[in-house]
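What follows is a short report on a single structure.
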Amino acid sequence: MSGLGELDRPESPTGPKAPGAPCPARSEQAPSPATTSAPAPETAADRKPAATRRGAADPVKALMHRHRELCQRAVDPLEIAAGLEAHGITDRTAARFRHRDVFSLAEEMYARASRDGDAPPTATPAAPRARADWALLTLLPGTLCAAAVAAVHLTHGRSRLFAAAAGALAVALALRAALRRGPLSRPDRTAPGRATTWTIWLVVYALLGDGLLDSAVAGGPDTLPTGTADGPWPLTAAPVLALALACAPAAWTAHLFTGRARRKLASSRGLEDFAAAVRPLLLGISALFLGALAVLLTLCAAVLDEPAPYAETLTLGALLFLARLLTTHGFTYAPAVVLTATAALQAAALAAVLTSRLPRCGFLATPVETLVTAWGAGTVPALACGVAALALLVHATRKLTRASAHAPPEPSR
């Protein structure tokens, strides 16, 4: 046992002891054979799990720590899934956390947060219900617009101008109130931005633009608009009235889209499955809105005894509807850019015709005059709004099919 003691004893820093040097007491430096052999298996067994815990940290716990606020305010695993997806975590990323998809990862995070007492009691998020306040508000713009059009047709001279100005102001205020409540309202309730300015321009162009463009191509305009459809600068009130009345169908289709999308979010088991289920829903509600707008345009044109410009009205309606749908789900940049580009294109067409009257600038009006001569003045807004609406539809099929687009809004602080 002397050899065993020498092997267990650490070597002195100054080198090995001389053979004749006395050794310290063995009771302190070298354990007995019984104590040497017994603790060895126990020590190895005790150290192995500790090393495992230190070496392989819990990845889900680390993820919960990074998204602590999300886990604390979530009332359902679906809200956590939407939040994770908004932060760039996909089904492929979830595999690194040993889960098949983001939804199962969110379920574990929600369950663990609930066990730790960091989450409120479970409450299944229900689809938003229709409320009488916003339902009535969406009818107000169309009602006031109809009253304003009737007042313009029944008055003359300066009274007609006052009636048109008062009607435009009333419709603008009613539309603002309708867009601040219900399914067409912005989640952050911020002040209107530049998209509102260009939306007003597009609506005003639908009222006055075709008559001004026709008159400009013919060498005018020589007088101001008289407020009638048969004047030298004719007004087309049917598209504007149809768009104002379509505020109600837009709100109901947006409400339908939000409710159905949240139900599909509850039944989906992956981000790709959810996107595949929401994409036809988005196309369906867009077609439903355009069908309602076409019916309203037909009725308005028949009542006002005006032609029904289906192409430019439907493309403008689709553009405004998709822009508002994206805005209500938090995607405001693309709608603002597309609306600005569309309004700028329409303004450029008018400016090109008017600028062509300057010396050596006649070539500027050639493209616009060719379109107007071949297919009419409505071709310019129809092409501009059609291309813009198609671009927003492609953008919407990418953004509105994400789970994060349908997550409940964060509570205000």
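Ordering of the structure tokens sets the chain letters (A, B, ...); residue numbers start at 1 within each chain; ligands are numbered from 1 in the order shown.
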>> Among range 90-306 of chain A, which residues does DSSP mark as helix (DSSP H, G or I) when it is run on the backbone? Keep the chain and numbering as in the structure and answer as a ChimeraX atom specification.
In response: /A:91-97,102-115,132-154,157-178,182-184,194-217,237-245,247-267,271-304
| said: When you look at range 313-327 of chain A with a cut-off of 8 Å (counting only C-alpha atoms), what residues show up, excluding the ones that are within fewer than 5 positions of it in the same chain? I need them as an MDAnalysis selection string. | reply: chainID A and resid 184 186 199 202 206 239 243 250 254 286 290 293:294 332 335:336 381:382 385:386 388:389 392:393 396 400
* For Ala174 in chain A, the nearest of the candidates A:Pro141, A:Ala151, A:Ser159, A:Lys399, counting only C-alpha atoms ->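 Checking each candidate against Ala174 in chain A, we get A:Pro141 as the closest.
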- Task: For Leu345 in chain A, work out the shell of residues within 12 Å, counting only C-alpha atoms and skipping chain neighbours fewer than 3 positions away, then give it as a PyMOL selection string.
- Result: chain A and resi 198+201-202+205+338-342+348-352+368+380-385+387-388
| Of the candidates A:Trp134, A:Phe274, A:Phe289, A:Trp252, which shows the shortest atom-to-atom distance to Arg180 in chain A, using only C-alpha atoms? |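 For Arg180 in chain A, the nearest of the candidates is A:Trp134.
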Discussion item. Need to verify the contact set: Arg92 in chain A, 12 Å, only C-alpha atoms, exclusion of same-chain residues closer than 5 positions in sequence. Can you return it as a list of chain:residue names?
Written reply: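 Once the nearby chain positions are removed, what remains is A:Glu85, A:Phe97, A:Arg98, A:His99, A:Arg100, A:Asp101, A:Val102, A:Phe103, A:Leu105, A:Gly270, A:Leu271, A:Glu272.
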Residue selection dump (N, CA, C and O atoms) as an mmCIF file, in the first residue's frame:
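Everything below was put into selection-v5.cif:
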```cif
data_model
loop_
_atom_site.group_PDB
_atom_site.id
_atom_site.type_symbol
_atom_site.label_atom_id
_atom_site.label_comp_id
_atom_site.auth_asym_id
_atom_site.auth_seq_id
_atom_site.Cartn_x
_atom_site.Cartn_y
_atom_site.Cartn_z
ATOM 1 N N GLU A 85 -42.817 33.964 -35.373
ATOM 2 C CA GLU A 85 -42.716 34.063 -36.824
ATOM 3 C C GLU A 85 -42.408 35.495 -37.246
ATOM 4 O O GLU A 85 -41.693 35.736 -38.218
ATOM 5 N N PHE A 97 -34.652 23.581 -32.199
ATOM 6 C CA PHE A 97 -35.151 23.451 -30.828
ATOM 7 C C PHE A 97 -35.889 22.139 -30.607
ATOM 8 O O PHE A 97 -36.674 22.008 -29.676
ATOM 9 N N ARG A 98 -35.658 21.177 -31.527
ATOM 10 C CA ARG A 98 -36.219 19.834 -31.436
ATOM 11 C C ARG A 98 -37.740 19.834 -31.524
ATOM 12 O O ARG A 98 -38.431 19.137 -30.799
ATOM 13 N N HIS A 99 -38.256 20.661 -32.444
ATOM 14 C CA HIS A 99 -39.686 20.711 -32.705
ATOM 15 C C HIS A 99 -39.901 20.666 -34.206
ATOM 16 O O HIS A 99 -39.094 21.174 -34.976
ATOM 17 N N ARG A 100 -41.027 20.102 -34.601
ATOM 18 C CA ARG A 100 -41.285 19.936 -36.030
ATOM 19 C C ARG A 100 -41.725 21.233 -36.695
ATOM 20 O O ARG A 100 -41.594 21.392 -37.908
ATOM 21 N N ASP A 101 -42.317 22.175 -35.925
ATOM 22 C CA ASP A 101 -42.770 23.428 -36.493
ATOM 23 C C ASP A 101 -42.837 24.476 -35.395
ATOM 24 O O ASP A 101 -42.626 24.197 -34.211
ATOM 25 N N VAL A 102 -43.135 25.698 -35.809
ATOM 26 C CA VAL A 102 -43.197 26.812 -34.867
ATOM 27 C C VAL A 102 -44.359 26.653 -33.899
ATOM 28 O O VAL A 102 -44.281 27.048 -32.736
ATOM 29 N N PHE A 103 -45.443 26.033 -34.359
ATOM 30 C CA PHE A 103 -46.619 25.901 -33.506
ATOM 31 C C PHE A 103 -46.345 24.998 -32.306
ATOM 32 O O PHE A 103 -46.737 25.311 -31.181
ATOM 33 N N LEU A 105 -43.418 24.385 -31.023
ATOM 34 C CA LEU A 105 -42.473 25.111 -30.179
ATOM 35 C C LEU A 105 -43.197 26.146 -29.325
ATOM 36 O O LEU A 105 -42.911 26.295 -28.134
ATOM 37 N N GLY A 270 -48.576 24.393 -39.017
ATOM 38 C CA GLY A 270 -47.309 24.855 -39.554
ATOM 39 C C GLY A 270 -47.505 26.156 -40.303
ATOM 40 O O GLY A 270 -48.622 26.493 -40.732
ATOM 41 N N LEU A 271 -46.427 26.905 -40.467
ATOM 42 C CA LEU A 271 -46.515 28.188 -41.148
ATOM 43 C C LEU A 271 -46.872 28.020 -42.618
ATOM 44 O O LEU A 271 -47.644 28.805 -43.171
ATOM 45 N N GLU A 272 -46.328 27.006 -43.249
ATOM 46 C CA GLU A 272 -46.648 26.779 -44.655
ATOM 47 C C GLU A 272 -48.091 26.349 -44.818
ATOM 48 O O GLU A 272 -48.764 26.753 -45.781
#
```
Find, counting only C-alpha atoms, the residue in A:Ala405, A:Ala275, A:Ala218, A:Ala146 that gets nearest to Glu369 in chain A.
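Distance minimum relative to Glu369 in chain A lands on A:Ala218.
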Atom pair CA of Ala266 in chain A + CA of Pro77 in chain A, distance 9.3 Å
Check your understanding: Between CA of Leu297 in chain A and CA of Val204 in chain A, what is the distance, to one decimal in Å?
Key ->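 A separation of 16.6 Å between them.
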